file run-v6.txt (compact mmCIF, C-alpha atoms)
# COMPACT_ATOMS: atom_id res chain seq x y z
CA MET N 4 -58.42 -9.96 -40.94
CA ARG N 5 -60.92 -12.71 -41.63
CA ARG N 6 -60.64 -12.08 -45.37
CA TYR N 7 -56.83 -12.37 -45.15
CA TYR N 8 -57.15 -15.63 -43.22
CA ILE N 9 -59.52 -17.07 -45.78
CA SER N 10 -57.20 -15.98 -48.59
CA SER N 11 -54.23 -17.68 -46.93
CA ILE N 12 -56.19 -20.90 -46.61
CA LEU N 13 -57.14 -20.76 -50.24
CA VAL N 14 -53.56 -20.17 -51.32
CA LEU N 15 -52.35 -23.01 -49.15
CA ALA N 16 -55.02 -25.29 -50.59
CA MET N 17 -54.08 -24.36 -54.13
CA LEU N 18 -50.38 -24.96 -53.51
CA THR N 19 -51.13 -28.28 -51.87
CA ALA N 20 -53.34 -29.19 -54.78
CA VAL N 21 -50.49 -28.67 -57.24
CA GLY N 22 -48.13 -30.70 -55.03
CA CYS N 23 -46.15 -27.93 -53.21
CA VAL N 24 -45.15 -28.54 -49.58
CA PRO N 25 -44.53 -25.88 -46.86
CA HIS N 26 -41.06 -25.08 -45.48
CA THR N 27 -40.86 -22.90 -42.38
CA THR N 28 -38.08 -20.97 -40.67
CA GLY N 29 -38.04 -20.37 -36.91
CA GLU N 30 -37.71 -16.98 -35.23
CA THR N 31 -33.90 -17.14 -35.28
CA GLU N 32 -33.46 -19.34 -38.36
CA VAL N 33 -32.77 -18.59 -42.00
CA GLY N 34 -33.56 -21.00 -44.82
CA VAL N 35 -31.58 -22.07 -47.86
CA ARG N 36 -33.14 -23.73 -50.89
CA THR N 37 -31.37 -26.21 -53.14
CA ARG N 38 -32.69 -27.01 -56.64
CA LYS N 39 -32.06 -30.64 -57.38
CA ILE N 40 -33.41 -30.47 -60.91
CA ALA N 41 -33.02 -27.47 -63.15
CA LEU N 42 -36.28 -26.49 -64.77
CA PHE N 43 -36.49 -22.71 -64.90
CA SER N 44 -33.46 -21.78 -62.80
CA PRO N 45 -29.85 -23.00 -62.34
CA LYS N 46 -29.35 -26.28 -60.50
CA GLY N 47 -27.74 -26.31 -57.04
CA VAL N 48 -27.78 -24.15 -53.92
CA GLU N 49 -29.80 -21.02 -54.50
CA ASP N 50 -27.88 -17.86 -53.62
CA LYS N 51 -30.74 -16.50 -51.58
CA VAL N 52 -31.45 -16.32 -47.84
CA TYR N 53 -35.00 -17.03 -46.73
CA ALA N 54 -35.90 -14.83 -43.76
CA GLN N 55 -36.73 -15.88 -40.19
CA GLY N 56 -40.22 -16.78 -39.03
CA THR N 57 -41.71 -17.35 -42.50
CA THR N 58 -43.32 -20.26 -44.39
CA TYR N 59 -42.36 -21.00 -47.98
CA PHE N 60 -43.85 -23.53 -50.49
CA PHE N 61 -41.78 -25.57 -52.91
CA LEU N 62 -42.42 -28.61 -55.05
CA PRO N 63 -41.13 -31.75 -53.39
CA PHE N 64 -38.45 -34.03 -54.81
CA ILE N 65 -36.93 -31.36 -56.99
CA ASN N 66 -36.12 -29.01 -54.03
CA ASP N 67 -34.22 -29.46 -50.80
CA TRP N 68 -34.62 -27.22 -47.75
CA HIS N 69 -32.04 -26.41 -45.04
CA VAL N 70 -32.22 -24.06 -42.08
CA PHE N 71 -29.42 -22.52 -39.97
CA ASP N 72 -29.85 -20.98 -36.53
CA THR N 73 -28.44 -17.43 -36.38
CA LYS N 74 -28.61 -16.95 -32.61
CA LEU N 75 -25.47 -16.74 -30.48
CA GLN N 76 -24.27 -20.19 -29.49
CA ASN N 77 -21.79 -21.38 -26.86
CA LEU N 78 -19.46 -24.27 -27.46
CA GLU N 79 -18.33 -25.26 -23.96
CA MET N 80 -15.37 -27.60 -23.46
CA THR N 81 -15.03 -28.37 -19.76
CA TYR N 82 -13.60 -30.83 -17.25
CA ALA N 83 -17.02 -31.34 -15.64
CA THR N 84 -19.10 -34.24 -16.90
CA THR N 85 -22.41 -32.66 -15.91
CA ARG N 86 -22.33 -29.78 -18.38
CA GLY N 87 -20.76 -28.71 -21.65
CA ASP N 88 -20.95 -30.25 -25.11
CA ARG N 89 -19.77 -33.67 -23.92
CA ARG N 90 -20.76 -35.78 -20.95
CA ASN N 91 -17.14 -36.67 -20.36
CA GLN N 92 -13.94 -34.78 -19.58
CA ASP N 93 -13.68 -32.36 -22.46
CA ASP N 94 -11.29 -29.59 -21.32
CA LEU N 95 -8.20 -28.55 -23.29
CA LEU N 96 -4.97 -30.30 -22.28
CA PHE N 97 -1.64 -28.70 -23.16
CA LYS N 98 1.73 -27.63 -21.77
CA THR N 99 2.72 -24.17 -20.67
CA ILE N 100 5.77 -22.55 -22.24
CA ASP N 101 7.83 -23.56 -19.19
CA GLY N 102 6.82 -27.21 -19.55
CA ASN N 103 4.04 -27.80 -17.02
CA ASP N 104 0.89 -29.77 -17.88
CA ILE N 105 -2.36 -27.86 -17.55
CA SER N 106 -6.04 -28.38 -18.40
CA LEU N 107 -8.27 -25.42 -19.20
CA ASP N 108 -12.05 -24.97 -19.51
CA VAL N 109 -12.88 -22.89 -22.60
CA ILE N 110 -16.12 -21.46 -23.97
CA ILE N 111 -16.36 -20.35 -27.62
CA ALA N 112 -19.22 -17.91 -28.26
CA TYR N 113 -20.07 -17.83 -31.99
CA ARG N 114 -22.87 -17.33 -34.51
CA ILE N 115 -23.27 -17.72 -38.24
CA ASP N 116 -23.40 -14.81 -40.64
CA ALA N 117 -26.98 -15.07 -41.93
CA ASP N 118 -26.05 -13.60 -45.30
CA ARG N 119 -23.45 -16.37 -45.74
CA ALA N 120 -25.91 -19.23 -45.13
CA PRO N 121 -25.94 -20.39 -48.81
CA TYR N 122 -22.14 -20.44 -48.81
CA ILE N 123 -22.09 -22.42 -45.54
CA LEU N 124 -24.49 -25.00 -46.99
CA GLN N 125 -22.57 -25.35 -50.24
CA TYR N 126 -18.96 -25.38 -48.94
CA VAL N 127 -18.85 -25.81 -45.16
CA ALA N 128 -21.63 -27.84 -43.49
CA GLY N 129 -25.14 -29.01 -44.24
CA ASP N 130 -26.63 -28.28 -40.80
CA ASP N 131 -25.98 -26.67 -37.44
CA ASP N 132 -24.78 -29.84 -35.71
CA THR N 133 -22.23 -30.62 -38.37
CA LEU N 134 -21.08 -27.02 -38.39
CA ARG N 135 -20.67 -27.07 -34.61
CA ASP N 136 -19.04 -30.49 -34.20
CA LYS N 137 -16.91 -30.81 -37.32
CA ILE N 138 -15.88 -27.24 -37.96
CA VAL N 139 -16.11 -24.96 -34.92
CA ARG N 140 -15.17 -27.61 -32.36
CA THR N 141 -12.25 -28.98 -34.38
CA VAL N 142 -10.67 -25.56 -34.88
CA ALA N 143 -11.50 -24.43 -31.32
CA ARG N 144 -9.73 -27.42 -29.75
CA SER N 145 -6.47 -26.89 -31.65
CA LYS N 146 -5.68 -23.20 -32.03
CA PRO N 147 -6.39 -22.04 -28.42
CA ARG N 148 -3.99 -24.73 -27.12
CA ASP N 149 -1.12 -23.05 -28.93
CA ILE N 150 -2.11 -19.56 -27.82
CA PHE N 151 -2.69 -20.34 -24.13
CA GLY N 152 0.45 -22.48 -24.18
CA GLU N 153 2.44 -19.28 -24.70
CA LEU N 154 1.87 -18.40 -21.05
CA LYS N 155 4.13 -19.37 -18.20
CA THR N 156 2.57 -21.40 -15.43
CA GLU N 157 2.42 -18.52 -12.95
CA ALA N 158 0.64 -16.34 -15.53
CA PHE N 159 -2.54 -18.42 -15.27
CA TYR N 160 -3.03 -16.94 -11.80
CA VAL N 161 -3.23 -13.47 -13.40
CA ALA N 162 -6.66 -12.66 -14.85
CA GLU N 163 -5.27 -9.96 -17.14
CA ALA N 164 -2.82 -12.43 -18.72
CA ARG N 165 -5.59 -14.95 -19.41
CA GLU N 166 -7.79 -12.21 -20.83
CA THR N 167 -5.03 -11.12 -23.21
CA GLN N 168 -4.60 -14.66 -24.53
CA SER N 169 -8.39 -15.04 -24.82
CA LYS N 170 -8.47 -11.99 -27.09
CA LYS N 171 -5.65 -13.42 -29.20
CA ALA N 172 -7.48 -16.75 -29.45
CA GLN N 173 -10.69 -15.00 -30.56
CA GLU N 174 -8.84 -13.10 -33.27
CA SER N 175 -7.06 -16.25 -34.44
CA LEU N 176 -10.29 -18.29 -34.62
CA GLN N 177 -12.04 -15.46 -36.42
CA SER N 178 -9.31 -15.37 -39.05
CA ILE N 179 -9.90 -19.08 -39.69
CA LEU N 180 -13.67 -19.38 -39.30
CA GLY N 181 -14.68 -15.94 -40.57
CA PRO N 182 -14.22 -16.83 -44.26
CA MET N 183 -16.51 -19.82 -43.65
CA GLY N 184 -19.35 -17.54 -42.59
CA ILE N 185 -18.84 -18.00 -38.85
CA VAL N 186 -18.49 -15.02 -36.49
CA VAL N 187 -16.48 -15.73 -33.31
CA GLU N 188 -17.72 -13.25 -30.73
CA LYS N 189 -15.67 -14.26 -27.68
CA VAL N 190 -13.31 -16.84 -26.23
CA LEU N 191 -13.82 -17.24 -22.49
CA THR N 192 -11.79 -19.20 -19.96
CA ASN N 193 -13.26 -20.76 -16.86
CA ASP N 194 -11.36 -23.00 -14.49
CA TYR N 195 -7.83 -24.40 -14.95
CA ARG N 196 -5.96 -27.27 -13.31
CA PHE N 197 -2.31 -28.30 -13.05
CA ASN N 198 -0.99 -31.82 -12.65
CA ALA N 199 -0.96 -33.29 -9.15
CA GLU N 200 2.78 -32.86 -8.56
CA TYR N 201 2.77 -29.25 -9.65
CA THR N 202 -0.38 -28.57 -7.66
CA LYS N 203 1.32 -29.96 -4.56
CA ALA N 204 4.39 -27.86 -5.30
CA ILE N 205 2.14 -24.80 -5.64
CA GLU N 206 0.44 -25.61 -2.34
CA ASP N 207 3.82 -26.14 -0.66
CA LYS N 208 5.00 -22.83 -2.08
CA LYS N 209 1.89 -21.10 -0.78
CA VAL N 210 2.52 -22.59 2.67
CA ALA N 211 6.14 -21.48 2.47
CA ASP N 212 5.08 -18.01 1.29
CA GLN N 213 2.63 -17.80 4.17
CA GLN N 214 5.39 -18.77 6.59
CA VAL N 215 7.66 -16.16 5.02
CA GLU N 216 4.95 -13.56 5.39
CA LYS N 217 4.39 -14.69 8.97
CA ASN N 218 8.11 -14.37 9.66
CA LYS N 219 8.14 -10.97 7.99
CA SER N 220 5.23 -9.91 10.15
CA ALA N 221 6.98 -11.19 13.28
CA GLN N 222 10.18 -9.46 12.21
CA HIS N 223 8.27 -6.27 11.55
CA ALA N 224 6.53 -6.55 14.92
CA ALA N 225 9.89 -7.13 16.65
CA ALA N 226 11.37 -4.15 14.82
CA GLU N 227 8.41 -2.00 15.83
CA GLU N 228 8.73 -3.22 19.43
CA TYR N 229 12.44 -2.38 19.36
CA LYS N 230 11.64 1.07 17.98
CA ARG N 231 9.02 1.54 20.69
CA LYS N 232 11.43 0.53 23.45
CA LEU N 233 14.15 2.65 21.88
CA GLU N 234 11.82 5.64 21.87
CA GLU N 235 10.89 4.92 25.47
CA ALA N 236 14.58 4.71 26.41
CA LYS N 237 15.26 7.92 24.51
CA GLY N 238 12.38 9.53 26.34
CA GLU N 239 13.72 8.35 29.68
CA VAL N 240 17.23 9.55 28.84
CA ASN N 241 15.87 12.86 27.64
CA LYS N 242 13.90 13.14 30.87
CA MET N 243 17.04 12.41 32.91
CA VAL N 244 19.00 14.91 30.84
CA ALA N 245 16.24 17.44 31.25
CA ASP N 246 16.11 16.81 35.00
CA ALA N 247 19.90 17.09 35.22
CA ASP N 248 19.85 20.23 33.12
CA GLY N 249 17.08 21.62 35.32
CA GLN N 250 19.00 20.78 38.49
CA TYR N 251 22.17 22.23 37.00
CA LEU N 252 20.38 25.42 36.05
CA LYS N 253 18.82 25.57 39.50
CA ASP N 254 22.19 25.02 41.22
CA LYS N 255 23.82 27.48 38.87
CA ILE N 256 21.20 30.10 39.63
CA GLU N 257 21.58 29.48 43.38
CA ALA N 258 25.37 29.64 43.05
CA ASP N 259 25.12 32.81 41.02
CA VAL N 260 22.81 34.32 43.62
CA TYR N 261 25.15 33.22 46.44
CA GLN N 262 28.14 34.59 44.55
CA GLU N 263 26.34 37.84 43.98
CA GLN N 264 25.44 38.01 47.69
CA GLN N 265 29.03 37.27 48.72
CA GLN N 266 30.33 39.84 46.29
CA LEU N 267 27.93 42.42 47.69
CA LEU N 268 28.92 41.40 51.25
CA ALA N 269 32.61 41.61 50.35
CA LYS N 270 32.07 44.99 48.83
CA ALA N 271 30.22 46.09 51.98
CA ILE N 272 33.04 44.75 54.24
CA GLN N 273 35.59 46.36 52.01
CA ALA N 274 33.73 49.63 52.09
CA GLU N 275 33.42 49.37 55.88
CA ALA N 276 37.11 48.54 56.27
CA VAL N 277 38.07 51.35 53.94
CA ALA N 278 35.89 53.72 55.91
CA GLU N 279 37.34 52.49 59.23
CA ALA N 280 40.91 52.72 57.94
CA LYS N 281 40.17 56.14 56.64
CA GLY N 282 38.81 57.14 60.06
CA ILE N 283 41.91 55.75 61.81
CA GLN N 284 44.10 57.53 59.33
CA GLU N 285 42.27 60.73 59.93
CA MET N 286 42.57 60.16 63.70
CA ASN N 287 46.28 59.51 63.37
CA ASN N 288 46.64 62.64 61.32
CA ALA N 289 44.76 64.54 64.00
CA LEU N 290 46.90 63.08 66.78
CA GLU N 291 50.08 64.13 65.10
CA GLY N 292 49.15 67.83 65.52
CA ALA N 293 48.53 70.04 68.58
CA GLY N 294 45.11 68.56 69.03
CA GLY N 295 46.71 65.15 69.45
CA GLU N 296 48.93 66.36 72.23
CA ALA N 297 45.94 67.88 74.02
CA ILE N 298 44.01 64.63 73.66
CA LEU N 299 46.99 62.70 75.01
CA LYS N 300 47.20 64.97 78.02
CA LEU N 301 43.48 64.54 78.52
CA ARG N 302 43.81 60.78 78.47
CA ILE N 303 46.72 60.96 80.96
CA ALA N 304 44.67 63.13 83.16
CA GLU N 305 41.78 60.71 82.98
CA ALA N 306 44.13 57.85 83.79
CA LEU N 307 45.57 59.70 86.80
CA GLN N 308 42.27 60.84 88.09
CA GLY N 309 41.68 59.60 91.61
CA LYS N 310 45.26 58.41 92.02
CA ARG N 311 47.69 59.86 94.66
CA ILE N 312 50.73 61.42 93.20
CA MET N 313 53.68 62.15 95.52
CA LEU N 314 56.56 64.28 94.50
CA LEU N 315 59.60 63.59 96.63
CA PRO N 316 62.45 66.02 96.69
CA VAL N 317 65.70 64.32 96.04
CA SER N 318 69.13 65.44 96.32
CA GLU N 319 72.01 64.73 94.18
CA GLY N 320 71.18 61.64 92.25
CA GLY N 321 67.42 61.99 93.09
CA MET N 322 64.54 63.42 91.11
CA ASN N 323 64.76 67.01 90.10
CA LEU N 324 61.34 68.31 89.33
CA LYS N 325 62.68 71.04 87.28
CA THR N 326 64.45 68.77 85.01
CA THR N 327 62.18 65.70 85.23
CA ASP N 328 60.60 64.51 81.98
CA ILE N 329 57.00 64.04 82.93
CA ASN N 330 56.38 61.62 80.08
CA ARG N 331 59.27 59.50 81.26
CA LEU N 332 57.96 59.62 84.79
CA ILE N 333 54.50 58.50 83.80
CA GLU N 334 55.94 55.67 81.76
CA THR N 335 58.06 54.65 84.74
CA LEU N 336 55.16 54.79 87.10
CA GLY N 337 53.02 52.82 84.71
CA VAL N 338 55.59 50.06 84.44
CA LYS N 339 55.95 49.97 88.21
CA SER N 340 52.18 49.83 88.67
CA LEU N 341 51.98 46.84 86.30
CA SER N 342 54.81 45.22 88.24
CA ASP N 343 53.08 45.73 91.59
CA GLY N 344 49.89 44.35 90.21
CA GLN N 345 51.64 41.13 89.25

call {"tool": "encode", "arguments": {"input": "run-v6.txt", "output": "structure tokens"}}
result
Amino acid sequence: MRRYYISSILVLAMLTAVGCVPHTTGETEVGVRTRKIALFSPKGVEDKVYAQGTTYFFLPFINDWHVFDTKLQNLEMTYATTRGDRRNQDDLLFKTIDGNDISLDVIIAYRIDADRAPYILQYVAGDDDTLRDKIVRTVARSKPRDIFGELKTEAFYVAEARETQSKKAQESLQSILGPMGIVVEKVLTNDYRFNAEYTKAIEDKKVADQQVEKNKSAQHAAAEEYKRKLEEAKGEVNKMVADADGQYLKDKIEADVYQEQQQLLAKAIQAEAVAEAKGIQEMNNALEGAGGEAILKLRIAEALQGKRIMLLPVSEGGMNLKTTDINRLIETLGVKSLSDGQ
């Protein structure tokens, strides 16, 4: 290691002795050499890229040295004055497709193609600042305006719509800057602003929308309350119907039971009456025969028992026992007895 260090010092001393000066590239830089005078090689920008983090020695006066940073860089154009590439309002101003004014914060993420560094130096820009300010910034402030201006005003509230236009802007910038040795990695949008009148209209619309939503909520709540009361009323009616049906069924069952009892009672009375009528009929049938006559005599005898019976002989026109109809006599006596009793 010490030997290598000593050797490096010796080489550096020798180069310095012959008039060469060092040219160094940073960790993310590439170098490009330009021959101002043609001695052993062609004059002009050398078509060679000098790698990062290295020191090179060239003779002064007849060589020029340029470096380009290859790291990813952000060109930020914003409304805020405290950040971005400018300390003044630097956002993009344009009109939407439906005619409203809008300002948009845009960030362009880009880098240079290291292999194209000699081309950039010869045909595009001599350093990073010129490349950024004169080339990337100029193109980035014009083309995205047209692309984002394709959106309607309401679309800026939709992240997906802005993302789609950002992709289109990146592709458009790449088609322009790519041949210059610039790689556009991304186009990002940050904040956006409408003019004061439109902003007020948007705020008024939001208030109106909120009121509409509030009214919808109140309407929905009223509808739900109506449904609830309707269901309660239906439940009450159903309960009344159920109670009425229950009472009806109860009354019907009681009526059916009562009817069944009355039918059984009627049948019993009918059976009893039939039996009694049958007994009377049988008695009548029995009385019509000889047994009936005997029973009749028995009843007469029972009726006359204990009573005095006088048989008076009569002459012509009087009672003749031989020819007297006893039945007629009894009937006559009975009538007389009823008459005396009165």

call {"tool": "atom_distance", "arguments": {"input": "run-v6.txt", "atom1": "atom CA of Phe197 of chain N", "atom2": "atom CA of Asp136 of chain N"}}
result
27.1 Å

call {"tool": "residues_around", "arguments": {"input": "run-v6.txt", "residues": "Thr27 of chain N", "least_positions_apart": "6", "cutoff": "8 Å", "atoms": "only C-alpha atoms", "output": "VMD selection string"}}
result
chain N and resid 34 56 to 59

call {"tool": "write_last_selection", "arguments": {"input": "run-v6.txt", "atoms": "C-alpha atoms", "output": "compact mmCIF listing (two decimals), keeping the file's coordinate frame"}}
result
# COMPACT_ATOMS: atom_id res chain seq x y z
CA GLY N 34 -33.56 -21.00 -44.82
CA GLY N 56 -40.22 -16.78 -39.03
CA THR N 57 -41.71 -17.35 -42.50
CA THR N 58 -43.32 -20.26 -44.39
CA TYR N 59 -42.36 -21.00 -47.98

call {"tool": "atom_distance", "arguments": {"input": "run-v6.txt", "atom1": "atom CA of Ala164 of chain N", "atom2": "atom CA of Phe151 of chain N"}}
result
9.6 Å

call {"tool": "residues_around", "arguments": {"input": "run-v6.txt", "residues": "segment 99-113 of chain N", "least_positions_apart": "4", "cutoff": "6 Å", "atoms": "only C-alpha atoms", "output": "list in words"}}
result
Leu75, Gln76, Asn77, Leu78, Glu79, Met80, Thr81, Asp94, Leu95, Gly152, Glu153, Leu154, Lys155, Thr156, Val186, Val187, Glu188, Lys189, Val190, Leu191, Thr192, Asn193, Asp194, Tyr195, Arg196, Phe197 and Asn198 of chain N

call {"tool": "atom_distance", "arguments": {"input": "run-v6.txt", "atom1": "atom CA of Leu180 of chain N", "atom2": "atom CA of Asp88 of chain N"}}
result
19.3 Å

call {"tool": "residues_near_point", "arguments": {"input": "run-v6.txt", "point": "(-29.1, -16.9, -55.8)", "cutoff": "10 Å", "atoms": "all atoms listed in the file", "output": "short mmCIF file (atom, residue, chain, number, x, y, z; two decimals) with C-alpha atoms, keeping the file's coordinate frame"}}
result
data_model
loop_
_atom_site.label_atom_id
_atom_site.label_comp_id
_atom_site.auth_asym_id
_atom_site.auth_seq_id
_atom_site.Cartn_x
_atom_site.Cartn_y
_atom_site.Cartn_z
CA VAL N 35 -31.58 -22.07 -47.86
CA ARG N 36 -33.14 -23.73 -50.89
CA THR N 37 -31.37 -26.21 -53.14
CA SER N 44 -33.46 -21.78 -62.80
CA PRO N 45 -29.85 -23.00 -62.34
CA GLY N 47 -27.74 -26.31 -57.04
CA VAL N 48 -27.78 -24.15 -53.92
CA GLU N 49 -29.80 -21.02 -54.50
CA ASP N 50 -27.88 -17.86 -53.62
CA LYS N 51 -30.74 -16.50 -51.58
CA VAL N 52 -31.45 -16.32 -47.84
CA PRO N 121 -25.94 -20.39 -48.81
#

call {"tool": "residues_around", "arguments": {"input": "run-v6.txt", "residues": "Gly129 of chain N", "least_positions_apart": "4", "cutoff": "10 Å", "atoms": "all atoms listed in the file", "output": "ChimeraX atom specification"}}
result
/N:69-71,120-121,123-125,133-134

call {"tool": "closest_residue", "arguments": {"input": "run-v6.txt", "among": "N:Thr167, N:Ala158, N:Tyr251, N:Gly181", "to": "Ile138 of chain N", "atoms": "only C-alpha atoms"}}
result
N:Gly181

call {"tool": "build_atoms", "arguments": {"input": "run-v6.txt", "residues": "segment 34-43 of chain N", "atoms": "all heavy atoms", "output": "CSV table (one decimal), keeping the file's coordinate frame"}}
result
chain,number,residue,atom,x,y,z
N,34,GLY,N,-33.4,-19.8,-44.0
N,34,GLY,CA,-33.6,-21.0,-44.8
N,34,GLY,C,-32.7,-20.9,-46.1
N,34,GLY,O,-32.5,-19.8,-46.6
N,35,VAL,N,-32.3,-22.0,-46.6
N,35,VAL,CA,-31.6,-22.1,-47.9
N,35,VAL,C,-32.2,-23.2,-48.7
N,35,VAL,O,-32.4,-24.3,-48.3
N,35,VAL,CB,-30.1,-22.4,-47.6
N,35,VAL,CG1,-29.4,-22.4,-49.0
N,35,VAL,CG2,-29.5,-21.3,-46.7
N,36,ARG,N,-32.5,-22.8,-50.0
N,36,ARG,CA,-33.1,-23.7,-50.9
N,36,ARG,C,-32.1,-24.3,-51.9
N,36,ARG,O,-31.2,-23.6,-52.4
N,36,ARG,CB,-34.2,-23.0,-51.6
N,36,ARG,CG,-34.9,-23.8,-52.7
N,36,ARG,CD,-35.9,-22.9,-53.5
N,36,ARG,NE,-36.5,-23.6,-54.6
N,36,ARG,CZ,-37.3,-23.0,-55.5
N,36,ARG,NH1,-37.5,-21.7,-55.4
N,36,ARG,NH2,-37.9,-23.7,-56.4
N,37,THR,N,-32.2,-25.6,-52.2
N,37,THR,CA,-31.4,-26.2,-53.1
N,37,THR,C,-32.2,-26.8,-54.2
N,37,THR,O,-33.1,-27.6,-54.0
N,37,THR,CB,-30.5,-27.3,-52.5
N,37,THR,OG1,-29.8,-26.8,-51.4
N,37,THR,CG2,-29.6,-27.9,-53.5
N,38,ARG,N,-32.0,-26.4,-55.5
N,38,ARG,CA,-32.7,-27.0,-56.6
N,38,ARG,C,-32.0,-28.3,-57.1
N,38,ARG,O,-30.8,-28.2,-57.5
N,38,ARG,CB,-32.8,-26.0,-57.8
N,38,ARG,CG,-33.6,-24.8,-57.5
N,38,ARG,CD,-33.8,-23.9,-58.7
N,38,ARG,NE,-34.6,-22.8,-58.5
N,38,ARG,CZ,-34.2,-21.6,-58.1
N,38,ARG,NH1,-32.9,-21.4,-58.0
N,38,ARG,NH2,-35.0,-20.6,-58.0
N,39,LYS,N,-32.7,-29.4,-57.0
N,39,LYS,CA,-32.1,-30.6,-57.4
N,39,LYS,C,-32.2,-30.9,-58.9
N,39,LYS,O,-31.3,-31.6,-59.5
N,39,LYS,CB,-32.7,-31.8,-56.6
N,39,LYS,CG,-32.6,-31.6,-55.1
N,39,LYS,CD,-33.5,-32.6,-54.3
N,39,LYS,CE,-33.1,-34.0,-54.6
N,39,LYS,NZ,-33.9,-34.9,-53.7
N,40,ILE,N,-33.2,-30.3,-59.5
N,40,ILE,CA,-33.4,-30.5,-60.9
N,40,ILE,C,-33.6,-29.1,-61.5
N,40,ILE,O,-34.4,-28.3,-61.0
N,40,ILE,CB,-34.6,-31.3,-61.2
N,40,ILE,CG1,-34.4,-32.8,-60.7
N,40,ILE,CG2,-34.9,-31.4,-62.7
N,40,ILE,CD1,-35.7,-33.7,-60.8
N,41,ALA,N,-32.9,-28.8,-62.6
N,41,ALA,CA,-33.0,-27.5,-63.2
N,41,ALA,C,-34.2,-27.4,-64.2
N,41,ALA,O,-34.1,-28.1,-65.2
N,41,ALA,CB,-31.7,-27.1,-63.8
N,42,LEU,N,-35.2,-26.7,-63.8
N,42,LEU,CA,-36.3,-26.5,-64.8
N,42,LEU,C,-36.3,-25.1,-65.3
N,42,LEU,O,-36.1,-24.9,-66.5
N,42,LEU,CB,-37.6,-26.7,-64.1
N,42,LEU,CG,-37.8,-28.2,-63.6
N,42,LEU,CD1,-39.1,-28.3,-62.8
N,42,LEU,CD2,-37.8,-29.2,-64.7
N,43,PHE,N,-36.5,-24.1,-64.5
N,43,PHE,CA,-36.5,-22.7,-64.9
N,43,PHE,C,-35.3,-21.9,-64.3
N,43,PHE,O,-35.2,-20.7,-64.7
N,43,PHE,CB,-37.8,-22.1,-64.5
N,43,PHE,CG,-39.0,-22.8,-64.9
N,43,PHE,CD1,-39.7,-23.6,-64.1
N,43,PHE,CD2,-39.4,-22.8,-66.3
N,43,PHE,CE1,-40.8,-24.3,-64.5
N,43,PHE,CE2,-40.5,-23.5,-66.7
N,43,PHE,CZ,-41.3,-24.3,-65.8
